[in-house]
file protein-v9.cif (mmCIF, N, CA and C atoms)
data_target
#
loop_
_atom_site.label_atom_id
_atom_site.label_comp_id
_atom_site.auth_asym_id
_atom_site.auth_seq_id
_atom_site.Cartn_x
_atom_site.Cartn_y
_atom_site.Cartn_z
N MET A 745 126.66 -55.39 295.00
CA MET A 745 126.97 -53.98 295.18
C MET A 745 128.31 -53.70 294.50
N ALA A 746 128.39 -52.58 293.78
CA ALA A 746 129.61 -52.22 293.06
C ALA A 746 130.71 -51.82 294.04
N ALA A 747 131.94 -52.11 293.64
CA ALA A 747 133.08 -51.75 294.47
C ALA A 747 133.23 -50.23 294.53
N THR A 748 133.66 -49.74 295.67
CA THR A 748 133.90 -48.32 295.84
C THR A 748 135.34 -48.02 295.45
N LEU A 749 135.52 -47.01 294.60
CA LEU A 749 136.86 -46.58 294.21
C LEU A 749 137.20 -45.31 294.96
N GLU A 750 138.42 -45.20 295.41
CA GLU A 750 138.87 -43.98 296.08
C GLU A 750 140.14 -43.51 295.40
N ALA A 751 140.33 -42.21 295.39
CA ALA A 751 141.54 -41.63 294.79
C ALA A 751 141.82 -40.30 295.45
N GLU A 752 143.06 -39.88 295.37
CA GLU A 752 143.47 -38.57 295.89
C GLU A 752 144.24 -37.82 294.82
N SER A 753 144.22 -36.51 294.94
CA SER A 753 145.08 -35.67 294.11
C SER A 753 145.49 -34.47 294.94
N THR A 754 146.52 -33.80 294.50
CA THR A 754 147.08 -32.67 295.25
C THR A 754 146.73 -31.37 294.56
N LEU A 755 146.39 -30.36 295.36
CA LEU A 755 146.10 -29.04 294.85
C LEU A 755 147.40 -28.27 294.67
N THR A 756 147.58 -27.64 293.50
CA THR A 756 148.79 -26.86 293.25
C THR A 756 148.65 -25.47 293.88
N ASP A 757 149.70 -24.69 293.79
CA ASP A 757 149.67 -23.31 294.29
C ASP A 757 148.61 -22.47 293.57
N ARG A 758 148.24 -22.89 292.37
CA ARG A 758 147.23 -22.16 291.59
C ARG A 758 145.85 -22.80 291.73
N TYR A 759 145.68 -23.64 292.75
CA TYR A 759 144.41 -24.31 293.04
C TYR A 759 143.96 -25.22 291.89
N GLN A 760 144.90 -25.85 291.22
CA GLN A 760 144.60 -26.79 290.15
C GLN A 760 144.99 -28.19 290.60
N THR A 761 144.38 -29.19 289.97
CA THR A 761 144.70 -30.57 290.29
C THR A 761 144.53 -31.42 289.05
N THR A 762 145.11 -32.58 289.05
CA THR A 762 144.91 -33.56 287.99
C THR A 762 143.84 -34.53 288.46
N VAL A 763 142.87 -34.79 287.60
CA VAL A 763 141.84 -35.77 287.94
C VAL A 763 142.48 -37.15 287.83
N PRO A 764 142.46 -37.92 288.91
CA PRO A 764 143.11 -39.24 288.89
C PRO A 764 142.54 -40.14 287.79
N GLU A 765 143.39 -41.01 287.28
CA GLU A 765 143.02 -41.88 286.18
C GLU A 765 141.77 -42.72 286.49
N THR A 766 141.68 -43.23 287.70
CA THR A 766 140.51 -44.05 288.05
C THR A 766 139.21 -43.25 287.95
N VAL A 767 139.27 -41.98 288.33
CA VAL A 767 138.09 -41.12 288.25
C VAL A 767 137.80 -40.79 286.78
N ARG A 768 138.83 -40.50 286.00
CA ARG A 768 138.63 -40.22 284.57
C ARG A 768 137.98 -41.40 283.87
N ARG A 769 138.46 -42.61 284.19
CA ARG A 769 137.87 -43.80 283.56
C ARG A 769 136.43 -44.01 284.02
N ALA A 770 136.18 -43.84 285.31
CA ALA A 770 134.83 -44.05 285.84
C ALA A 770 133.82 -43.08 285.23
N LEU A 771 134.25 -41.84 285.00
CA LEU A 771 133.36 -40.82 284.44
C LEU A 771 133.45 -40.74 282.91
N ARG A 772 134.32 -41.56 282.33
CA ARG A 772 134.56 -41.55 280.88
C ARG A 772 134.92 -40.14 280.40
N LEU A 773 135.90 -39.54 281.09
CA LEU A 773 136.34 -38.19 280.76
C LEU A 773 137.48 -38.23 279.76
N GLY A 774 137.44 -37.32 278.83
CA GLY A 774 138.51 -37.14 277.88
C GLY A 774 139.03 -35.72 277.97
N LYS A 775 140.06 -35.43 277.22
CA LYS A 775 140.60 -34.07 277.21
C LYS A 775 139.51 -33.09 276.79
N ARG A 776 139.48 -31.96 277.46
CA ARG A 776 138.55 -30.85 277.20
C ARG A 776 137.12 -31.13 277.65
N ASP A 777 136.84 -32.31 278.22
CA ASP A 777 135.51 -32.57 278.76
C ASP A 777 135.29 -31.69 279.99
N LYS A 778 134.05 -31.44 280.30
CA LYS A 778 133.72 -30.61 281.45
C LYS A 778 133.26 -31.48 282.60
N ILE A 779 133.52 -31.01 283.82
CA ILE A 779 133.14 -31.72 285.03
C ILE A 779 132.10 -30.88 285.77
N HIS A 780 131.05 -31.55 286.22
CA HIS A 780 130.00 -30.88 287.00
C HIS A 780 130.21 -31.21 288.48
N TYR A 781 130.19 -30.19 289.33
CA TYR A 781 130.38 -30.36 290.77
C TYR A 781 129.07 -30.08 291.48
N THR A 782 128.70 -30.95 292.42
CA THR A 782 127.55 -30.71 293.28
C THR A 782 128.06 -30.70 294.71
N VAL A 783 127.88 -29.57 295.40
CA VAL A 783 128.32 -29.45 296.79
C VAL A 783 127.10 -29.66 297.67
N ARG A 784 127.15 -30.69 298.49
CA ARG A 784 126.04 -31.02 299.38
C ARG A 784 126.18 -30.28 300.70
N SER A 785 125.09 -30.18 301.42
CA SER A 785 125.07 -29.41 302.67
C SER A 785 126.01 -29.99 303.73
N ASN A 786 126.31 -31.28 303.65
CA ASN A 786 127.22 -31.90 304.64
C ASN A 786 128.69 -31.75 304.25
N GLY A 787 128.97 -31.01 303.18
CA GLY A 787 130.35 -30.78 302.75
C GLY A 787 130.85 -31.74 301.69
N GLU A 788 130.08 -32.78 301.40
CA GLU A 788 130.47 -33.71 300.34
C GLU A 788 130.38 -33.02 298.99
N VAL A 789 131.30 -33.38 298.12
CA VAL A 789 131.27 -32.86 296.75
C VAL A 789 131.17 -34.05 295.81
N VAL A 790 130.20 -34.00 294.93
CA VAL A 790 130.00 -35.07 293.96
C VAL A 790 130.44 -34.57 292.60
N LEU A 791 131.33 -35.34 291.95
CA LEU A 791 131.78 -35.01 290.60
C LEU A 791 131.04 -35.87 289.61
N ALA A 792 130.63 -35.28 288.52
CA ALA A 792 129.98 -36.01 287.44
C ALA A 792 130.44 -35.42 286.12
N ARG A 793 130.35 -36.20 285.10
CA ARG A 793 130.66 -35.68 283.77
C ARG A 793 129.54 -34.72 283.38
N ALA A 794 129.91 -33.51 282.99
CA ALA A 794 128.91 -32.53 282.59
C ALA A 794 128.33 -32.94 281.24
N GLU A 795 127.03 -32.87 281.15
CA GLU A 795 126.36 -33.19 279.90
C GLU A 795 126.51 -32.00 278.95
N THR A 796 126.71 -32.29 277.69
CA THR A 796 126.82 -31.21 276.71
C THR A 796 125.44 -30.65 276.45
N SER A 797 125.38 -29.36 276.33
CA SER A 797 124.10 -28.70 276.08
C SER A 797 123.91 -28.52 274.58
N ALA A 798 122.74 -28.07 274.20
CA ALA A 798 122.45 -27.83 272.78
C ALA A 798 123.35 -26.75 272.22
N VAL A 799 123.88 -25.88 273.10
CA VAL A 799 124.73 -24.80 272.64
C VAL A 799 126.12 -25.31 272.25
N ASP A 800 126.57 -26.38 272.91
CA ASP A 800 127.87 -26.96 272.61
C ASP A 800 127.78 -27.73 271.30
N ASP A 801 128.63 -27.40 270.37
CA ASP A 801 128.63 -28.07 269.07
C ASP A 801 129.89 -28.92 268.98
N PRO A 802 129.77 -30.25 269.09
CA PRO A 802 130.96 -31.08 269.09
C PRO A 802 131.74 -31.00 267.78
N VAL A 803 131.06 -30.81 266.67
CA VAL A 803 131.76 -30.70 265.39
C VAL A 803 132.57 -29.42 265.35
N LEU A 804 131.96 -28.32 265.78
CA LEU A 804 132.68 -27.05 265.80
C LEU A 804 133.86 -27.12 266.76
N GLY A 805 133.64 -27.74 267.92
CA GLY A 805 134.73 -27.90 268.89
C GLY A 805 135.89 -28.69 268.32
N GLN A 806 135.59 -29.77 267.61
CA GLN A 806 136.65 -30.57 266.99
C GLN A 806 137.37 -29.79 265.90
N PHE A 807 136.61 -29.01 265.12
CA PHE A 807 137.22 -28.20 264.07
C PHE A 807 138.15 -27.14 264.66
N LEU A 808 137.68 -26.46 265.72
CA LEU A 808 138.51 -25.44 266.37
C LEU A 808 139.76 -26.06 266.99
N ALA A 809 139.62 -27.26 267.55
CA ALA A 809 140.78 -27.96 268.11
C ALA A 809 141.78 -28.30 267.00
N PHE A 810 141.26 -28.73 265.85
CA PHE A 810 142.11 -29.02 264.70
C PHE A 810 142.87 -27.77 264.26
N LEU A 811 142.16 -26.64 264.17
CA LEU A 811 142.81 -25.39 263.78
C LEU A 811 143.89 -24.99 264.78
N ALA A 812 143.60 -25.12 266.07
CA ALA A 812 144.58 -24.77 267.10
C ALA A 812 145.83 -25.64 266.98
N ARG A 813 145.64 -26.94 266.78
CA ARG A 813 146.79 -27.85 266.62
C ARG A 813 147.60 -27.49 265.38
N ASP A 814 146.89 -27.22 264.27
CA ASP A 814 147.57 -26.90 263.02
C ASP A 814 148.36 -25.60 263.15
N LEU A 815 147.77 -24.60 263.79
CA LEU A 815 148.48 -23.33 263.97
C LEU A 815 149.71 -23.50 264.87
N ALA A 816 149.57 -24.35 265.89
CA ALA A 816 150.70 -24.58 266.80
C ALA A 816 151.84 -25.31 266.10
N HIS A 817 151.50 -26.25 265.23
CA HIS A 817 152.53 -27.05 264.57
C HIS A 817 153.05 -26.43 263.28
N HIS A 818 152.27 -25.54 262.66
CA HIS A 818 152.68 -24.97 261.38
C HIS A 818 152.40 -23.46 261.33
N PRO A 819 153.05 -22.68 262.19
CA PRO A 819 152.80 -21.23 262.17
C PRO A 819 153.21 -20.58 260.85
N GLU A 820 154.08 -21.24 260.10
CA GLU A 820 154.52 -20.69 258.81
C GLU A 820 153.40 -20.65 257.78
N ARG A 821 152.31 -21.36 258.03
CA ARG A 821 151.18 -21.38 257.10
C ARG A 821 150.28 -20.15 257.24
N LEU A 822 150.46 -19.36 258.28
CA LEU A 822 149.65 -18.16 258.47
C LEU A 822 149.95 -17.15 257.37
N ARG A 823 148.91 -16.59 256.81
CA ARG A 823 149.05 -15.58 255.77
C ARG A 823 148.13 -14.41 256.10
N SER A 824 148.58 -13.23 255.78
CA SER A 824 147.72 -12.06 255.98
C SER A 824 146.72 -11.98 254.83
N ILE A 825 145.59 -11.36 255.10
CA ILE A 825 144.57 -11.17 254.07
C ILE A 825 144.92 -9.90 253.31
N ASP A 826 144.99 -10.00 251.98
CA ASP A 826 145.36 -8.81 251.21
C ASP A 826 144.15 -7.90 251.01
N THR A 827 144.43 -6.68 250.66
CA THR A 827 143.41 -5.63 250.52
C THR A 827 142.37 -6.00 249.47
N ALA A 828 142.78 -6.65 248.39
CA ALA A 828 141.84 -7.01 247.32
C ALA A 828 140.77 -7.96 247.84
N LEU A 829 141.15 -8.92 248.67
CA LEU A 829 140.16 -9.86 249.22
C LEU A 829 139.20 -9.14 250.17
N VAL A 830 139.73 -8.26 251.00
CA VAL A 830 138.88 -7.49 251.91
C VAL A 830 137.87 -6.66 251.11
N GLN A 831 138.32 -6.00 250.06
CA GLN A 831 137.40 -5.20 249.23
C GLN A 831 136.36 -6.07 248.54
N ARG A 832 136.76 -7.25 248.08
CA ARG A 832 135.82 -8.18 247.44
C ARG A 832 134.74 -8.62 248.44
N LEU A 833 135.15 -8.95 249.65
CA LEU A 833 134.19 -9.35 250.67
C LEU A 833 133.23 -8.21 251.01
N GLN A 834 133.76 -7.02 251.12
CA GLN A 834 132.91 -5.86 251.43
C GLN A 834 131.92 -5.60 250.30
N SER A 835 132.32 -5.83 249.07
CA SER A 835 131.40 -5.62 247.95
C SER A 835 130.28 -6.66 247.95
N LEU A 836 130.56 -7.83 248.47
CA LEU A 836 129.53 -8.88 248.52
C LEU A 836 128.49 -8.64 249.60
N VAL A 837 128.90 -8.09 250.74
CA VAL A 837 127.95 -7.88 251.83
C VAL A 837 127.38 -6.48 251.85
N GLY A 838 128.02 -5.55 251.19
CA GLY A 838 127.49 -4.20 251.10
C GLY A 838 127.26 -3.58 252.47
N ASP A 839 126.10 -2.98 252.64
CA ASP A 839 125.75 -2.32 253.90
C ASP A 839 124.82 -3.16 254.76
N ILE A 840 124.92 -4.46 254.65
CA ILE A 840 124.05 -5.36 255.42
C ILE A 840 124.49 -5.36 256.87
N ASP A 841 123.53 -5.09 257.78
CA ASP A 841 123.82 -5.14 259.21
C ASP A 841 123.57 -6.56 259.70
N ILE A 842 124.55 -7.13 260.39
CA ILE A 842 124.41 -8.48 260.92
C ILE A 842 124.68 -8.43 262.42
N ASP A 843 123.74 -8.98 263.19
CA ASP A 843 123.93 -9.07 264.64
C ASP A 843 124.47 -10.45 264.95
N LEU A 844 125.77 -10.55 265.16
CA LEU A 844 126.42 -11.83 265.40
C LEU A 844 126.03 -12.45 266.74
N ASP A 845 125.40 -11.67 267.62
CA ASP A 845 124.99 -12.18 268.93
C ASP A 845 123.55 -12.69 268.95
N SER A 846 122.81 -12.45 267.88
CA SER A 846 121.41 -12.89 267.88
C SER A 846 121.33 -14.39 267.63
N ALA A 847 120.34 -15.00 268.24
CA ALA A 847 120.16 -16.46 268.09
C ALA A 847 119.60 -16.77 266.72
N LEU A 848 120.04 -17.91 266.18
CA LEU A 848 119.49 -18.37 264.90
C LEU A 848 118.22 -19.15 265.19
N SER A 849 117.24 -19.00 264.32
CA SER A 849 116.01 -19.77 264.51
C SER A 849 115.82 -20.69 263.32
N ALA A 850 115.04 -21.72 263.49
CA ALA A 850 114.76 -22.68 262.41
C ALA A 850 113.96 -22.02 261.28
N ASP A 851 113.30 -20.90 261.58
CA ASP A 851 112.48 -20.23 260.57
C ASP A 851 113.31 -19.43 259.57
N ASP A 852 114.59 -19.21 259.87
CA ASP A 852 115.46 -18.38 259.02
C ASP A 852 116.11 -19.23 257.93
N GLU A 853 115.33 -19.94 257.15
CA GLU A 853 115.90 -20.80 256.11
C GLU A 853 115.78 -20.15 254.78
#
call {"tool": "encode", "arguments": {"input": "protein-v9.cif", "output": "structure tokens"}}
result
Amino acid sequence: MAATLEAESTLTDRYQTTVPETVRRALRLGKRDKIHYTVRSNGEVVLARAETSAVDDPVLGQFLAFLARDLAHHPERLRSIDTALVQRLQSLVGDIDIDLDSALSADDE
């Protein structure tokens, strides 16, 4: 039978806590990972590592994290988009209506 691990953490004034290292290791949690909570009828709460869904894109997440780090460390690299580029982009798309909220399908190739 596997050994039982126990750990405690303290709730802050904002109802936040740090997940203890032993729990992070047991669940193989890393920064930005999600935790799934199951509350049982007897009051027990079970924590598990949340599985990533098809909607979560790990590559996109890593890219966005890279951009956030780069912006934080090098704000001087930010540049405004000039009017000529905006006009060029508008000329390329014309009056095409795009619904950014619609789901992409495999048939749209």
call {"tool": "residues_around", "arguments": {"input": "protein-v9.cif", "residues": "A:Glu795", "least_positions_apart": "5", "cutoff": "12 Å", "atoms": "only C-alpha atoms", "output": "list in words"}}
result
Leu771, Arg772, Leu773, Asp777, Lys778, Ile779, His780, Tyr781, Asp800 and Pro802 of chain A
call {"tool": "atom_distance", "arguments": {"input": "protein-v9.cif", "atom1": "atom CA of A:Arg758", "atom2": "atom N of A:Arg776"}}
result
18.9 Å
call {"tool": "axis_aligned_box", "arguments": {"input": "protein-v9.cif", "around": "stretch 829-832 of chain A", "padding_each_side": "5 Å", "output": "lines of an AutoDock Vina configuration file"}}
result
center_x = 137.9
center_y = -7.5
center_z = 249.7
size_x = 16.4
size_y = 14.7
size_z = 14.5
call {"tool": "select_by_dssp", "arguments": {"input": "protein-v9.cif", "residues": "stretch 753-797 of chain A", "states": "helix (DSSP H, G or I)", "output": "PyMOL selection string"}}
result
chain A and resi 765-771
call {"tool": "atom_distance", "arguments": {"input": "protein-v9.cif", "atom1": "atom CA of A:Asp845", "atom2": "atom C of A:Ala794"}}
result
24.4 Å
call {"tool": "select_by_dssp", "arguments": {"input": "protein-v9.cif", "residues": "chain A", "states": "strand (DSSP E or B)", "output": "NGL selection string"}}
result
:A and (779-783 or 789-793)
call {"tool": "write_last_selection", "arguments": {"input": "protein-v9.cif", "atoms": "N, CA and C atoms", "output": "PDB file, in the coordinates of the input"}}
result
ATOM      1  N   ILE A 779     133.520 -31.010 283.820  1.00  0.00           N
ATOM      2  CA  ILE A 779     133.140 -31.720 285.030  1.00  0.00           C
ATOM      3  C   ILE A 779     132.100 -30.880 285.770  1.00  0.00           C
ATOM      4  N   HIS A 780     131.050 -31.550 286.220  1.00  0.00           N
ATOM      5  CA  HIS A 780     130.000 -30.880 287.000  1.00  0.00           C
ATOM      6  C   HIS A 780     130.210 -31.210 288.480  1.00  0.00           C
ATOM      7  N   TYR A 781     130.190 -30.190 289.330  1.00  0.00           N
ATOM      8  CA  TYR A 781     130.380 -30.360 290.770  1.00  0.00           C
ATOM      9  C   TYR A 781     129.070 -30.080 291.480  1.00  0.00           C
ATOM     10  N   THR A 782     128.700 -30.950 292.420  1.00  0.00           N
ATOM     11  CA  THR A 782     127.550 -30.710 293.280  1.00  0.00           C
ATOM     12  C   THR A 782     128.060 -30.700 294.710  1.00  0.00           C
ATOM     13  N   VAL A 783     127.880 -29.570 295.400  1.00  0.00           N
ATOM     14  CA  VAL A 783     128.320 -29.450 296.790  1.00  0.00           C
ATOM     15  C   VAL A 783     127.100 -29.660 297.670  1.00  0.00           C
ATOM     16  N   VAL A 789     131.300 -33.380 298.120  1.00  0.00           N
ATOM     17  CA  VAL A 789     131.270 -32.860 296.750  1.00  0.00           C
ATOM     18  C   VAL A 789     131.170 -34.050 295.810  1.00  0.00           C
ATOM     19  N   VAL A 790     130.200 -34.000 294.930  1.00  0.00           N
ATOM     20  CA  VAL A 790     130.000 -35.070 293.960  1.00  0.00           C
ATOM     21  C   VAL A 790     130.440 -34.570 292.600  1.00  0.00           C
ATOM     22  N   LEU A 791     131.330 -35.340 291.950  1.00  0.00           N
ATOM     23  CA  LEU A 791     131.780 -35.010 290.600  1.00  0.00           C
ATOM     24  C   LEU A 791     131.040 -35.870 289.610  1.00  0.00           C
ATOM     25  N   ALA A 792     130.630 -35.280 288.520  1.00  0.00           N
ATOM     26  CA  ALA A 792     129.980 -36.010 287.440  1.00  0.00           C
ATOM     27  C   ALA A 792     130.440 -35.420 286.120  1.00  0.00           C
ATOM     28  N   ARG A 793     130.350 -36.200 285.100  1.00  0.00           N
ATOM     29  CA  ARG A 793     130.660 -35.680 283.770  1.00  0.00           C
ATOM     30  C   ARG A 793     129.540 -34.720 283.380  1.00  0.00           C
TER      31      ARG A 793
END
call {"tool": "atom_distance", "arguments": {"input": "protein-v9.cif", "atom1": "atom CA of A:Asp826", "atom2": "atom CA of A:Gln806"}}
result
28.3 Å
call {"tool": "decode", "arguments": {"input": "protein-v9.cif", "residues": "stretch 761-799 of chain A", "atoms": "N, CA and C atoms", "output": "mmCIF file, in the first residue's frame"}}
result
data_model
loop_
_atom_site.group_PDB
_atom_site.id
_atom_site.type_symbol
_atom_site.label_atom_id
_atom_site.label_comp_id
_atom_site.auth_asym_id
_atom_site.auth_seq_id
_atom_site.Cartn_x
_atom_site.Cartn_y
_atom_site.Cartn_z
ATOM 1 N N THR A 761 -4.250 30.410 -1.470
ATOM 2 C CA THR A 761 -3.296 29.581 -0.755
ATOM 3 C C THR A 761 -2.224 29.105 -1.712
ATOM 4 N N THR A 762 -1.119 28.663 -1.186
ATOM 5 C CA THR A 762 -0.070 28.046 -1.977
ATOM 6 C C THR A 762 -0.246 26.535 -1.878
ATOM 7 N N VAL A 763 -0.204 25.870 -3.014
ATOM 8 C CA VAL A 763 -0.297 24.418 -3.007
ATOM 9 C C VAL A 763 1.044 23.890 -2.502
ATOM 10 N N PRO A 764 1.027 23.111 -1.418
ATOM 11 C CA PRO A 764 2.285 22.617 -0.851
ATOM 12 C C PRO A 764 3.098 21.806 -1.870
ATOM 13 N N GLU A 765 4.404 21.863 -1.705
ATOM 14 C CA GLU A 765 5.312 21.206 -2.643
ATOM 15 C C GLU A 765 5.015 19.712 -2.786
ATOM 16 N N THR A 766 4.716 19.046 -1.688
ATOM 17 C CA THR A 766 4.441 17.606 -1.772
ATOM 18 C C THR A 766 3.215 17.319 -2.644
ATOM 19 N N VAL A 767 2.219 18.187 -2.561
ATOM 20 C CA VAL A 767 1.017 18.022 -3.380
ATOM 21 C C VAL A 767 1.340 18.340 -4.843
ATOM 22 N N ARG A 768 2.111 19.402 -5.079
ATOM 23 C CA ARG A 768 2.494 19.749 -6.460
ATOM 24 C C ARG A 768 3.257 18.604 -7.111
ATOM 25 N N ARG A 769 4.179 18.009 -6.351
ATOM 26 C CA ARG A 769 4.947 16.884 -6.908
ATOM 27 C C ARG A 769 4.052 15.673 -7.160
ATOM 28 N N ALA A 770 3.176 15.375 -6.217
ATOM 29 C CA ALA A 770 2.298 14.206 -6.361
ATOM 30 C C ALA A 770 1.371 14.341 -7.570
ATOM 31 N N LEU A 771 0.898 15.561 -7.827
ATOM 32 C CA LEU A 771 -0.016 15.795 -8.945
ATOM 33 C C LEU A 771 0.711 16.210 -10.223
ATOM 34 N N ARG A 772 2.039 16.325 -10.124
ATOM 35 C CA ARG A 772 2.867 16.787 -11.256
ATOM 36 C C ARG A 772 2.362 18.122 -11.791
ATOM 37 N N LEU A 773 2.175 19.069 -10.866
ATOM 38 C CA LEU A 773 1.679 20.394 -11.230
ATOM 39 C C LEU A 773 2.835 21.333 -11.532
ATOM 40 N N GLY A 774 2.652 22.137 -12.543
ATOM 41 C CA GLY A 774 3.597 23.182 -12.881
ATOM 42 C C GLY A 774 2.891 24.517 -12.861
ATOM 43 N N LYS A 775 3.644 25.566 -13.076
ATOM 44 C CA LYS A 775 3.044 26.900 -13.117
ATOM 45 C C LYS A 775 1.973 26.946 -14.201
ATOM 46 N N ARG A 776 0.877 27.597 -13.885
ATOM 47 C CA ARG A 776 -0.260 27.814 -14.784
ATOM 48 C C ARG A 776 -1.099 26.566 -15.023
ATOM 49 N N ASP A 777 -0.746 25.418 -14.421
ATOM 50 C CA ASP A 777 -1.588 24.234 -14.534
ATOM 51 C C ASP A 777 -2.891 24.471 -13.781
ATOM 52 N N LYS A 778 -3.909 23.747 -14.154
ATOM 53 C CA LYS A 778 -5.205 23.889 -13.508
ATOM 54 C C LYS A 778 -5.437 22.731 -12.559
ATOM 55 N N ILE A 779 -6.192 23.003 -11.495
ATOM 56 C CA ILE A 779 -6.516 22.004 -10.489
ATOM 57 C C ILE A 779 -8.018 21.752 -10.534
ATOM 58 N N HIS A 780 -8.391 20.478 -10.504
ATOM 59 C CA HIS A 780 -9.801 20.090 -10.487
ATOM 60 C C HIS A 780 -10.178 19.704 -9.048
ATOM 61 N N TYR A 781 -11.279 20.255 -8.552
ATOM 62 C CA TYR A 781 -11.755 19.976 -7.196
ATOM 63 C C TYR A 781 -13.029 19.146 -7.275
ATOM 64 N N THR A 782 -13.107 18.097 -6.464
ATOM 65 C CA THR A 782 -14.330 17.320 -6.328
ATOM 66 C C THR A 782 -14.740 17.391 -4.861
ATOM 67 N N VAL A 783 -15.932 17.936 -4.607
ATOM 68 C CA VAL A 783 -16.435 18.041 -3.238
ATOM 69 C C VAL A 783 -17.411 16.899 -3.017
ATOM 70 N N ARG A 784 -17.082 16.038 -2.071
ATOM 71 C CA ARG A 784 -17.923 14.873 -1.774
ATOM 72 C C ARG A 784 -18.974 15.238 -0.739
ATOM 73 N N SER A 785 -20.010 14.434 -0.665
ATOM 74 C CA SER A 785 -21.133 14.719 0.229
ATOM 75 C C SER A 785 -20.727 14.727 1.703
ATOM 76 N N ASN A 786 -19.654 14.030 2.059
ATOM 77 C CA ASN A 786 -19.207 14.008 3.460
ATOM 78 C C ASN A 786 -18.288 15.189 3.800
ATOM 79 N N GLY A 787 -18.109 16.115 2.856
ATOM 80 C CA GLY A 787 -17.280 17.291 3.103
ATOM 81 C C GLY A 787 -15.840 17.148 2.641
ATOM 82 N N GLU A 788 -15.434 15.958 2.247
ATOM 83 C CA GLU A 788 -14.085 15.761 1.725
ATOM 84 C C GLU A 788 -13.945 16.461 0.386
ATOM 85 N N VAL A 789 -12.765 16.997 0.152
ATOM 86 C CA VAL A 789 -12.468 17.614 -1.132
ATOM 87 C C VAL A 789 -11.275 16.889 -1.727
ATOM 88 N N VAL A 790 -11.427 16.442 -2.948
ATOM 89 C CA VAL A 790 -10.357 15.735 -3.648
ATOM 90 C C VAL A 790 -9.787 16.665 -4.709
ATOM 91 N N LEU A 791 -8.459 16.839 -4.679
ATOM 92 C CA LEU A 791 -7.775 17.642 -5.683
ATOM 93 C C LEU A 791 -7.136 16.722 -6.695
ATOM 94 N N ALA A 792 -7.240 17.088 -7.948
ATOM 95 C CA ALA A 792 -6.595 16.338 -9.017
ATOM 96 C C ALA A 792 -6.097 17.332 -10.054
ATOM 97 N N ARG A 793 -5.136 16.916 -10.799
ATOM 98 C CA ARG A 793 -4.657 17.761 -11.896
ATOM 99 C C ARG A 793 -5.740 17.765 -12.968
ATOM 100 N N ALA A 794 -6.157 18.952 -13.387
ATOM 101 C CA ALA A 794 -7.189 19.057 -14.417
ATOM 102 C C ALA A 794 -6.594 18.637 -15.753
ATOM 103 N N GLU A 795 -7.332 17.830 -16.458
ATOM 104 C CA GLU A 795 -6.889 17.398 -17.782
ATOM 105 C C GLU A 795 -7.140 18.529 -18.768
ATOM 106 N N THR A 796 -6.219 18.710 -19.691
ATOM 107 C CA THR A 796 -6.408 19.743 -20.705
ATOM 108 C C THR A 796 -7.445 19.260 -21.705
ATOM 109 N N SER A 797 -8.278 20.166 -22.113
ATOM 110 C CA SER A 797 -9.323 19.813 -23.078
ATOM 111 C C SER A 797 -8.831 20.113 -24.488
ATOM 112 N N ALA A 798 -9.607 19.719 -25.459
ATOM 113 C CA ALA A 798 -9.250 19.975 -26.858
ATOM 114 C C ALA A 798 -9.195 21.465 -27.140
ATOM 115 N N VAL A 799 -9.897 22.263 -26.326
ATOM 116 C CA VAL A 799 -9.924 23.698 -26.547
ATOM 117 C C VAL A 799 -8.603 24.348 -26.105
#
